[in-house]
Amino acid sequence: MDAVTLARWQFGITTVYHFFFVPLTLGLVILVATMQSMYYRTNDEIYNKMTKFWGKLFVINFAMGVATGIVQEFQFGMNWSEYSRFVGDIFGAPLAMEALMAFFLESVFLGLWLFGEEKLSKGVHLLAIWLVAFGSTMSAFWILVANSFMQQPVGYVLRNGRAEMTDFFALVTNPHVFLQFPHVIFSGLTTGAFFVLAISSYHLLKGGDNVELFRRSFRIGIVAAVIGTLAVGLFGDAQGKHLIVAQPMKMAAAEALWETEDPADLALFAIINEAEQRNSLEVEVPYLLSFMSYNKFSGQVKGLKQLQAEYEKQYGPGNYIPPVTISFWTFRTMVGIGTLLIGLALLGAFLEWRGRLEQTPLYLKGMVGSFILPYVANSSGWLLTELGRQPWIVFGLQRTSEAVSPNVTPAMLLTSLIGFTVLYGALMVADVYLLVKFARFPKFPGLSV
């Protein structure tokens, strides 16, 4: 493999590992803060135990997320120095804000929350966990500001072979941010909710002394699951409509749409022949793609071949079609799992409302394994987001092949790729072991692990 391919594999693997932890951090901290708020309001000791139990699992996940995330920023300078040189003036600003405004905020107040339980008043201790939640959310915001510039560049000028920021306000109000950010936040809430639901279902089936604790945890989790899944679907639909205009090639690849159609049919299933630029077999729903794009059963959706010709005229010779097969199936994996999660959340809410939850063991057994579904959907979404943008690292401005460090050899990249994969694999095993250990055998002496 060449240096570009290996650098992409390394960043992709470390990103997927890191993003295994991020959504759970975003969602679980909100649920923990909610539980502690209930304790503050009612002074009911069960809510205090809930806070400590789920708080321990949050801390384990948070620590692993920090460990895996730091490596990514070093890769910008080491493996992608041409990218950093070209866009560093812009990309570096939100990353700096993320570290100074968000990460330090959540880290400091997480420390106060962990070790100040006996030293702070109940109100201040509660404020600490909500500030951790705010910091985590702001961290996601600044990261997505940086990523949104890569998807839809705004507020810049090209000068001396580099992109320079001209409007910071335009950067933070990028239309892409205000669709991608809530989509990610509610995906995190969904991940945290199904994490709580899965463990609560296990303990409700198992029985024991803490059944009431997990019964209440399930109630909080199912409310969050309904809100999270419906909001993810809403913002995901809006994001898709935006991409039809901002990144039509990505959406054409996600639909394996080779020829322009008006109205456009939605392919539920396709056998894709990328070499011949056609689909060997399709199962379609007439007019549905136009409806998804424009909220009406008519409207032109450009195909990959037409967009390729347009891009060649605009950007010069080259192949501007991203990997179609993986874009097509990651999109369907994300949407399919999202639809299933909505169904599970609504069914759980109905059973809880009717008082039949614990009399439906089949549902509870299914929910024990449901926690993995948001992880698969989240990873599929990010693969589509990043691979569907190819061959661009910054859409319309810099190609991925132009961004790699010129002095990094394939041997160096292969060695570090293997090292990171093994190390992150070990961290993943440790994380899963600790989460399973503390999830199966609840202990409530304090917050620190």
# chains A, B, ... in the order shown; residues from 1 in each chain; ligands from 1

$ residues_around --residues "A:Leu341" --least-positions-apart "3" --cutoff "10 Å" --atoms "only C-alpha atoms" --output "list of chain:residue names"
A:Thr190, A:Phe194, A:Ala225, A:Val226, A:Gly228, A:Thr229, A:Leu230, A:Val335, A:Gly336, A:Ile337, A:Gly338, A:Leu344, A:Ala345, A:Leu346, A:Leu347, A:Ser370, A:Phe371, A:Leu373, A:Pro374, A:Ala377

$ select_by_dssp --residues "stretch 2-186 of chain A" --states "strand (DSSP E)" --output "list in words"
Tyr156, Val157, Leu158, Arg159, Arg162, Ala163, Glu164 and Met165 of chain A

$ residues_around --residues "stretch 238-247 of chain A" --least-positions-apart "2" --cutoff "8 Å" --atoms "only C-alpha atoms" --output "PDB file with N, CA and C atoms, in the first residue's frame"
ATOM      1  N   GLN A 151     -16.443  19.573   5.250  1.00  0.00           N
ATOM      2  CA  GLN A 151     -17.591  19.160   4.447  1.00  0.00           C
ATOM      3  C   GLN A 151     -18.119  20.300   3.575  1.00  0.00           C
ATOM      4  N   GLN A 152     -18.127  21.506   4.132  1.00  0.00           N
ATOM      5  CA  GLN A 152     -18.707  22.659   3.439  1.00  0.00           C
ATOM      6  C   GLN A 152     -17.901  23.904   3.826  1.00  0.00           C
ATOM      7  N   HIS A 176     -23.931  23.518   7.794  1.00  0.00           N
ATOM      8  CA  HIS A 176     -23.683  22.092   8.025  1.00  0.00           C
ATOM      9  C   HIS A 176     -23.599  21.789   9.517  1.00  0.00           C
ATOM     10  N   LEU A 179     -26.962  21.177  11.413  1.00  0.00           N
ATOM     11  CA  LEU A 179     -27.635  19.925  11.122  1.00  0.00           C
ATOM     12  C   LEU A 179     -26.840  18.750  11.671  1.00  0.00           C
ATOM     13  N   GLN A 180     -25.519  18.815  11.518  1.00  0.00           N
ATOM     14  CA  GLN A 180     -24.673  17.722  11.988  1.00  0.00           C
ATOM     15  C   GLN A 180     -24.594  17.674  13.510  1.00  0.00           C
ATOM     16  N   LEU A 234     -35.299  12.949  12.678  1.00  0.00           N
ATOM     17  CA  LEU A 234     -35.707  14.265  12.191  1.00  0.00           C
ATOM     18  C   LEU A 234     -34.518  15.028  11.622  1.00  0.00           C
ATOM     19  N   PHE A 235     -33.431  15.112  12.389  1.00  0.00           N
ATOM     20  CA  PHE A 235     -32.266  15.871  11.926  1.00  0.00           C
ATOM     21  C   PHE A 235     -31.513  15.122  10.826  1.00  0.00           C
ATOM     22  N   GLY A 236     -31.566  13.790  10.849  1.00  0.00           N
ATOM     23  CA  GLY A 236     -30.955  13.037   9.766  1.00  0.00           C
ATOM     24  C   GLY A 236     -31.640  13.306   8.443  1.00  0.00           C
ATOM     25  N   MET A 249     -22.778  14.667  -4.726  1.00  0.00           N
ATOM     26  CA  MET A 249     -22.059  13.442  -5.072  1.00  0.00           C
ATOM     27  C   MET A 249     -22.145  12.421  -3.941  1.00  0.00           C
ATOM     28  N   LYS A 250     -22.064  12.877  -2.697  1.00  0.00           N
ATOM     29  CA  LYS A 250     -22.158  11.969  -1.553  1.00  0.00           C
ATOM     30  C   LYS A 250     -23.523  11.287  -1.517  1.00  0.00           C
ATOM     31  N   MET A 251     -24.573  12.062  -1.733  1.00  0.00           N
ATOM     32  CA  MET A 251     -25.905  11.482  -1.676  1.00  0.00           C
ATOM     33  C   MET A 251     -26.176  10.574  -2.869  1.00  0.00           C
ATOM     34  N   MET A 292     -37.886  12.009  -0.420  1.00  0.00           N
ATOM     35  CA  MET A 292     -36.919  12.175   0.666  1.00  0.00           C
ATOM     36  C   MET A 292     -36.054  13.412   0.456  1.00  0.00           C
ATOM     37  N   SER A 293     -35.835  13.794  -0.807  1.00  0.00           N
ATOM     38  CA  SER A 293     -34.966  14.937  -1.109  1.00  0.00           C
ATOM     39  C   SER A 293     -35.701  16.268  -1.066  1.00  0.00           C
ATOM     40  N   TYR A 294     -36.982  16.278  -1.466  1.00  0.00           N
ATOM     41  CA  TYR A 294     -37.686  17.547  -1.642  1.00  0.00           C
ATOM     42  C   TYR A 294     -39.062  17.582  -0.969  1.00  0.00           C
ATOM     43  N   VAL A 301     -32.887  14.392  -9.034  1.00  0.00           N
ATOM     44  CA  VAL A 301     -31.723  14.000  -8.231  1.00  0.00           C
ATOM     45  C   VAL A 301     -30.626  13.611  -9.214  1.00  0.00           C
ATOM     46  N   ARG A 389     -17.208  11.772   1.111  1.00  0.00           N
ATOM     47  CA  ARG A 389     -16.621  13.046   0.699  1.00  0.00           C
ATOM     48  C   ARG A 389     -15.435  12.851  -0.251  1.00  0.00           C
TER      49      ARG A 389
END

$ residues_around --residues "A:Asn378" --least-positions-apart "4" --cutoff "12 Å" --atoms "only C-alpha atoms" --output "PDB file with C-alpha atoms, in the first residue's frame"
ATOM      1  CA  THR A  15     -11.357   7.367  14.622  1.00  0.00           C
ATOM      2  CA  VAL A  16     -13.698   4.372  14.772  1.00  0.00           C
ATOM      3  CA  TYR A  17     -12.066   3.224  18.024  1.00  0.00           C
ATOM      4  CA  HIS A  18     -12.389   6.710  19.499  1.00  0.00           C
ATOM      5  CA  PHE A  19     -15.955   7.140  18.324  1.00  0.00           C
ATOM      6  CA  PHE A  20     -16.869   3.934  20.129  1.00  0.00           C
ATOM      7  CA  PHE A  21     -16.591   5.959  23.360  1.00  0.00           C
ATOM      8  CA  VAL A  22     -17.754   9.448  22.332  1.00  0.00           C
ATOM      9  CA  PRO A  23     -21.513   8.904  21.838  1.00  0.00           C
ATOM     10  CA  LEU A  24     -21.848   7.066  25.154  1.00  0.00           C
ATOM     11  CA  HIS A 183     -27.729  14.777  14.824  1.00  0.00           C
ATOM     12  CA  VAL A 184     -24.577  13.754  16.723  1.00  0.00           C
ATOM     13  CA  ILE A 185     -25.862  14.927  20.125  1.00  0.00           C
ATOM     14  CA  PHE A 186     -29.124  13.021  19.821  1.00  0.00           C
ATOM     15  CA  SER A 187     -27.210   9.998  18.519  1.00  0.00           C
ATOM     16  CA  GLY A 188     -25.230  10.190  21.746  1.00  0.00           C
ATOM     17  CA  LEU A 189     -28.412  10.450  23.798  1.00  0.00           C
ATOM     18  CA  THR A 190     -29.747   7.377  21.987  1.00  0.00           C
ATOM     19  CA  THR A 191     -26.511   5.479  22.679  1.00  0.00           C
ATOM     20  CA  VAL A 232     -31.994  11.598  15.221  1.00  0.00           C
ATOM     21  CA  GLY A 236     -30.955  13.037   9.766  1.00  0.00           C
ATOM     22  CA  THR A 330     -23.418   2.183   5.345  1.00  0.00           C
ATOM     23  CA  PHE A 331     -26.326   4.542   4.655  1.00  0.00           C
ATOM     24  CA  THR A 333     -27.230   0.205   7.837  1.00  0.00           C
ATOM     25  CA  MET A 334     -27.524   3.557   9.622  1.00  0.00           C
ATOM     26  CA  VAL A 335     -31.114   4.192   8.536  1.00  0.00           C
ATOM     27  CA  GLY A 336     -32.230   0.586   9.065  1.00  0.00           C
ATOM     28  CA  ILE A 337     -30.853   0.400  12.588  1.00  0.00           C
ATOM     29  CA  GLY A 338     -32.223   3.869  13.360  1.00  0.00           C
ATOM     30  CA  PHE A 371     -26.948  -1.599  23.263  1.00  0.00           C
ATOM     31  CA  ILE A 372     -24.743  -2.652  20.333  1.00  0.00           C
ATOM     32  CA  LEU A 373     -27.170  -1.264  17.729  1.00  0.00           C
ATOM     33  CA  PRO A 374     -26.411   2.459  18.264  1.00  0.00           C
ATOM     34  CA  TRP A 382     -19.313   8.381  10.202  1.00  0.00           C
ATOM     35  CA  LEU A 383     -18.010   6.052   7.493  1.00  0.00           C
ATOM     36  CA  LEU A 384     -20.586   7.516   5.118  1.00  0.00           C
ATOM     37  CA  THR A 385     -19.756  11.066   6.211  1.00  0.00           C
TER      38      THR A 385
END

$ residues_around --residues "A:Phe269" --least-positions-apart "5" --cutoff "8 Å" --atoms "only C-alpha atoms" --output "list in words"
Leu281, Glu282, Val283 and Glu284 of chain A

$ residues_around --residues "stretch 206-219 of chain A" --least-positions-apart "5" --cutoff "8 Å" --atoms "only C-alpha atoms" --output "PDB file with N, CA and C atoms, in the first residue's frame"
ATOM      1  N   ILE A  46     -32.565   6.033  46.505  1.00  0.00           N
ATOM      2  CA  ILE A  46     -32.447   5.199  45.299  1.00  0.00           C
ATOM      3  C   ILE A  46     -31.857   6.000  44.142  1.00  0.00           C
ATOM      4  N   TYR A  47     -32.249   7.247  44.010  1.00  0.00           N
ATOM      5  CA  TYR A  47     -31.678   8.083  42.952  1.00  0.00           C
ATOM      6  C   TYR A  47     -30.195   8.346  43.196  1.00  0.00           C
ATOM      7  N   LYS A  49     -28.153   6.181  44.618  1.00  0.00           N
ATOM      8  CA  LYS A  49     -27.504   4.936  44.186  1.00  0.00           C
ATOM      9  C   LYS A  49     -27.441   4.845  42.661  1.00  0.00           C
ATOM     10  N   MET A  50     -28.499   5.262  42.015  1.00  0.00           N
ATOM     11  CA  MET A  50     -28.503   5.272  40.551  1.00  0.00           C
ATOM     12  C   MET A  50     -27.392   6.158  40.011  1.00  0.00           C
ATOM     13  N   VAL A 196     -28.273   2.251  29.064  1.00  0.00           N
ATOM     14  CA  VAL A 196     -29.017   2.156  30.331  1.00  0.00           C
ATOM     15  C   VAL A 196     -30.124   1.110  30.224  1.00  0.00           C
ATOM     16  N   LEU A 197     -30.831   1.096  29.109  1.00  0.00           N
ATOM     17  CA  LEU A 197     -31.934   0.147  28.941  1.00  0.00           C
ATOM     18  C   LEU A 197     -31.440  -1.295  28.913  1.00  0.00           C
ATOM     19  N   SER A 200     -30.322  -2.248  32.492  1.00  0.00           N
ATOM     20  CA  SER A 200     -31.516  -2.298  33.345  1.00  0.00           C
ATOM     21  C   SER A 200     -32.358  -3.527  33.025  1.00  0.00           C
ATOM     22  N   SER A 201     -32.501  -3.846  31.748  1.00  0.00           N
ATOM     23  CA  SER A 201     -33.268  -5.031  31.355  1.00  0.00           C
ATOM     24  C   SER A 201     -32.636  -6.298  31.912  1.00  0.00           C
ATOM     25  N   GLU A 352     -44.115   0.140  29.253  1.00  0.00           N
ATOM     26  CA  GLU A 352     -43.933   0.793  30.546  1.00  0.00           C
ATOM     27  C   GLU A 352     -45.193   1.570  30.929  1.00  0.00           C
TER      28      GLU A 352
END
